[in-house]
Protein chains: 2
Amino acid sequence: MRDLSKLLDLIASFSKENPFPTSPLELYEPCDYILTLGGKRLRPALVLMGHEMFDDDIGVALPAAWAVELFHNFSLMHDDIMDAAPLRRNEPTVHSKWNTTTAILSGDVMLIYAYRFLARCGDADTVLRLLNIFNRVATEVCEGQQLDINFETRAKVSILEYTRMIELKTAVLLGAALEMGAVCGNAPAADSQQLYEFGRLAGIAFQIQDDLLDTYGDPTKFGKQVGGDILQNKKTLLVLKTLETAPDSDCRALHNWMQTDAENAAEKVAAVRAIFDRNKIPFLVAQEKLRFQQEAFQHLEAVRVPDSRKLILRGVVADLLERES
Amino acid sequence: MRDLSKLLDLIASFSKENPFPTSPLELYEPCDYILTLGGKRLRPALVLMGHEMFDDDIGVALPAAWAVELFHNFSLMHDDIMDAAPLRRNEPTVHSKWNTTTAILSGDVMLIYAYRFLARCGDADTVLRLLNIFNRVATEVCEGQQLDINFETRAKVSILEYTRMIELKTAVLLGAALEMGAVCGNAPAADSQQLYEFGRLAGIAFQIQDDLLDTYGDPTKFGKQVGGDILQNKKTLLVLKTLETAPDSDCRALHNWMQTDAENAAEKVAAVRAIFDRNKIPFLVAQEKLRFQQEAFQHLEAVRVPDSRKLILRGVVADLLERES
């Protein structure tokens with residue numbers, strides 16, 4: 001069994017050995033650029049960890065892992081245009097560094113390259129199984145992004161709808177990454193399905209944690225500005241939980257804060273946090289996260305391989321879900 | 001052998017039986033919209049015609065045909081954003097009817113749906129062969145679009161570079177459509193390759209004809225405004241041929257017209273046409289077209305099936321290439 005840092009090394013080597021073409025430069029340079037902005041390479045690592053549970057010959061799984069990473073970066077490149085985001089990881093986004101045309105076309109070719117790497121994953125039967133998983137999840141990610149866009153302008157969003165949105169937009173890809181790894185390792189269908197469920201549910205827990213950290217994270221550890229969601233009037237799970245459980249007066253107060261752009265950012269963040277706090281929202285949301293997390297790990301336990309094969313994956317995901325909130 | 005109208009009927013039925021999901025409506029409605037704007041359905045028909053040369057059981061080829069049509073419409077949807085085109089076939093483009101975000105995301109999901117239909121084309125070996133062709137040509141179409149964008153702002157473009165651009169941007173997809181049809185019909189590799197070359201070369205001839213028709217077409221027959229390329233200062237083959245063969249004075253005159261937006265559109269079109277005419281440019285460009293056309297048909301003749309199997313395809317492509325210019 002290889003540990004996470006060894007797997008990340010293998011991904012880095014694979015990407016170096018499989019660069020984009022150099023021409024037309026204007027098309028491929030932005031692809032290289034977004035890939036060098038960093039990121040944890042969590043998704044390709046999940047492919048490899050899913051694979052390692054069933055097989056030690058990692059050759060087939062590497063192009064699948066890279067396909068998933070390219071897909072993820074394609075979706076970031078296009079989402080950044082849609083969100084008019086100027087920065088990603090403190091660097092200019094592709095559409096701000098170049099322009100929208102570039103970000104559209106380079107994103108398109110990155111998606112197509114994801115499929116090119118998929119086509120290299122072993123025999124035709126394996127490729128077809130991977131293709132079906134990848135097509136399903138790629139569709140779902142687009143649907144999740146559309147729901148996210150829809151929710152921005154909708155007055156009322158239920159917690160169920162919100163959970164479904166984060167599931168489609170981000171969680172299913174984590175599940176599919178594990179599932180694809182398992183398929184590369186010739187896992188029985190029942191086991192690859194359990195891994196998919198593990199990744200999907202852990203992914204939902206991870207997104208809920210992200211909502212919590214954005215408002216309650218340790219500013220010295222959290223990568224983004226704490227309170228960013230509040231200042232952007234985002235309908236996070238904290239907001240939706242408040243609107244569902246708090247008394248009318250607090251719902252109206254929250255609603256009013258969300259209708260206005262902050263003149264004093266610190267004042268707005270403090271006021272909204274106070275509403276959350278007095279309604280025990282961080283606790284309720286943390287409970288929600290825990291529910292998904294616990295259900296997730298049940299699926300990992302159900303995978304029929306020796307426990308020693310699960311140690312790395314279990315540890316990596318547990319670490320991710322236990323960041324201080 | 002089915003004739004073109006029968007094949008187009010089958011494509012229409014297949015698309016009706018395989019609609020996009022209805023939800024999220026905002027994501028899929030623009031996909032339906034662009035598909036109903038018409039278009040000749042030439043590319044899916046080429047898939048089916050390629051298939052009919054080798055096999056009568058059309059079931060496997062229909063999803064491949066539809067994949068190619070979806071890919072083509074994905075590229076139109078994204079190209080229209082990049083070109084800031086307000087109209088397509090006299091109807092609003094997706095980004096003008098909705099917005100850029102919608103045109104990006106709906107285009108993305110259309111491309112993914114193309115791959116979904118590919119995955120339904122028969123056994124795993126056939127799917128993998130199709131996937132490799134499709135991935136290659138999809139990459140090339142993006143590269144061609146990038147070259148087209150680059151050429152807009154470049155002072156000098158050679159005829160060779162221009163030909164390569166139209167080859168990548170549009171011709172290879174026509175070749176790949178035929179090749180994919182042949183693969184669905186279990187054609188020998190040598191024959192599917194001949195069909196690819198036929199489609200690719202005929203596609204280049206077709207694009208050259210498009211340049212000719214834009215300036216010299218019969219206004220009552222040509223779908224677009226005659227002279228549109230001249231008014232948009234496009235570097236068409238007519239322009240490049242002039243710059244390569246005409247005396248300096250005419251090159252300078254053409255250059256000057258292309259540097260200015262027309263105050264009087266009819267005057268500009270007439271003046272530029274006069275430059276072309278006195279340098280025999282329409283004749284030279286028509287010769288160029290004929291060269292590709294003749295080479296194309298040699299590849300069709302080389303396909304090792306009875307001539308009766310080639311009649312429909314030969315007739316359809318000959319008709320397309322003999323529109324009055």
# chains A, B, ... in the order shown; residues from 1 in each chain; ligands from 1
>>> residues_around(residues="stretch 99-103 of chain B", least_positions_apart="2", cutoff="12 Å", atoms="only C-alpha atoms", output="number ranges by chain")
A: 78-84, 100-101, 104, 142-143, 145-147, 149-150; B: 24-31, 33-34, 73-86, 92-97, 105-110
>>> closest_atom_pairs(of="chain B", to="chain A", cutoff="6 Å", atoms="only C-alpha atoms", output="JSON lines")
{"residue": "B:Met82", "atom": "CA", "partner": "A:Thr101", "partner_atom": "CA", "distance": 5.2}
{"residue": "B:Thr101", "atom": "CA", "partner": "A:Met82", "partner_atom": "CA", "distance": 5.2}
{"residue": "B:Arg116", "atom": "CA", "partner": "A:Asn135", "partner_atom": "CA", "distance": 5.9}
{"residue": "B:Ala124", "atom": "CA", "partner": "A:Ala124", "partner_atom": "CA", "distance": 5.2}
{"residue": "B:Asp125", "atom": "CA", "partner": "A:Ala124", "partner_atom": "CA", "distance": 5.4}
{"residue": "B:Leu128", "atom": "CA", "partner": "A:Ala124", "partner_atom": "CA", "distance": 5.9}
{"residue": "B:Asn135", "atom": "CA", "partner": "A:Arg116", "partner_atom": "CA", "distance": 5.9}
>>> write_last_selection(atoms="N, CA and C atoms", output="PDB file, in the first residue's frame")
ATOM      1  N   MET B  82     -18.028  33.302 -28.316  1.00  0.00           N
ATOM      2  CA  MET B  82     -16.699  33.843 -28.639  1.00  0.00           C
ATOM      3  C   MET B  82     -16.785  34.861 -29.765  1.00  0.00           C
ATOM      4  N   THR B 101     -23.519  32.736 -19.230  1.00  0.00           N
ATOM      5  CA  THR B 101     -23.456  31.614 -18.286  1.00  0.00           C
ATOM      6  C   THR B 101     -24.237  30.415 -18.814  1.00  0.00           C
ATOM      7  N   ARG B 116     -22.150  10.580 -23.917  1.00  0.00           N
ATOM      8  CA  ARG B 116     -23.130   9.601 -23.422  1.00  0.00           C
ATOM      9  C   ARG B 116     -23.683   8.767 -24.579  1.00  0.00           C
ATOM     10  N   ALA B 124     -18.021  -2.916 -26.355  1.00  0.00           N
ATOM     11  CA  ALA B 124     -16.971  -2.076 -25.768  1.00  0.00           C
ATOM     12  C   ALA B 124     -15.872  -1.768 -26.780  1.00  0.00           C
ATOM     13  N   ASP B 125     -15.535  -2.747 -27.636  1.00  0.00           N
ATOM     14  CA  ASP B 125     -14.470  -2.498 -28.613  1.00  0.00           C
ATOM     15  C   ASP B 125     -14.870  -1.407 -29.600  1.00  0.00           C
ATOM     16  N   LEU B 128     -14.774   1.978 -27.875  1.00  0.00           N
ATOM     17  CA  LEU B 128     -13.407   2.490 -27.697  1.00  0.00           C
ATOM     18  C   LEU B 128     -12.835   3.018 -29.014  1.00  0.00           C
ATOM     19  N   ASN B 135     -12.414  11.753 -29.751  1.00  0.00           N
ATOM     20  CA  ASN B 135     -11.502  12.556 -28.925  1.00  0.00           C
ATOM     21  C   ASN B 135     -10.496  13.316 -29.793  1.00  0.00           C
TER      22      ASN B 135
END
>>> residues_around(residues="B:Ile58", least_positions_apart="2", cutoff="12 Å", atoms="only C-alpha atoms", output="PyMOL selection string")
chain B and resi 1-2+6-7+10-11+14+45+47-56+60-65+121-122+181-182+184-186
>>> atom_distance(atom1="atom CA of B:Pro21", atom2="atom CA of A:Arg164")
16.9 Å
>>> residues_around(residues="A:Gln298", least_positions_apart="5", cutoff="10 Å", atoms="only C-alpha atoms", output="PyMOL selection string")
chain A and resi 194+197-198+293+303
>>> write_last_selection(atoms="N, CA, C and O atoms", output="short mmCIF file (atom, residue, chain, number, x, y, z; two decimals), in the first residue's frame")
data_model
loop_
_atom_site.label_atom_id
_atom_site.label_comp_id
_atom_site.auth_asym_id
_atom_site.auth_seq_id
_atom_site.Cartn_x
_atom_site.Cartn_y
_atom_site.Cartn_z
N GLN A 194 -20.11 0.59 -3.03
CA GLN A 194 -19.93 1.03 -1.64
C GLN A 194 -18.95 2.21 -1.57
O GLN A 194 -19.15 3.16 -0.82
N GLU A 197 -20.62 5.39 -2.65
CA GLU A 197 -21.47 5.94 -1.58
C GLU A 197 -20.63 6.59 -0.49
O GLU A 197 -20.98 7.65 0.04
N PHE A 198 -19.53 5.94 -0.15
CA PHE A 198 -18.61 6.52 0.84
C PHE A 198 -18.16 7.91 0.39
O PHE A 198 -18.25 8.89 1.14
N GLN A 293 -21.28 12.03 7.67
CA GLN A 293 -19.95 11.45 7.88
C GLN A 293 -20.06 10.01 8.40
O GLN A 293 -19.38 9.11 7.90
N VAL A 303 -17.00 -2.46 2.49
CA VAL A 303 -16.19 -2.95 1.35
C VAL A 303 -15.45 -4.21 1.79
O VAL A 303 -14.80 -4.23 2.85
#
>>> atom_distance(atom1="atom CA of B:Ile159", atom2="atom CA of B:Gly175")
21.2 Å
>>> closest_residue(among="A:Glu244, A:Asp191, A:Asp210, A:Asp250", to="A:Val305", atoms="only C-alpha atoms")
A:Asp191
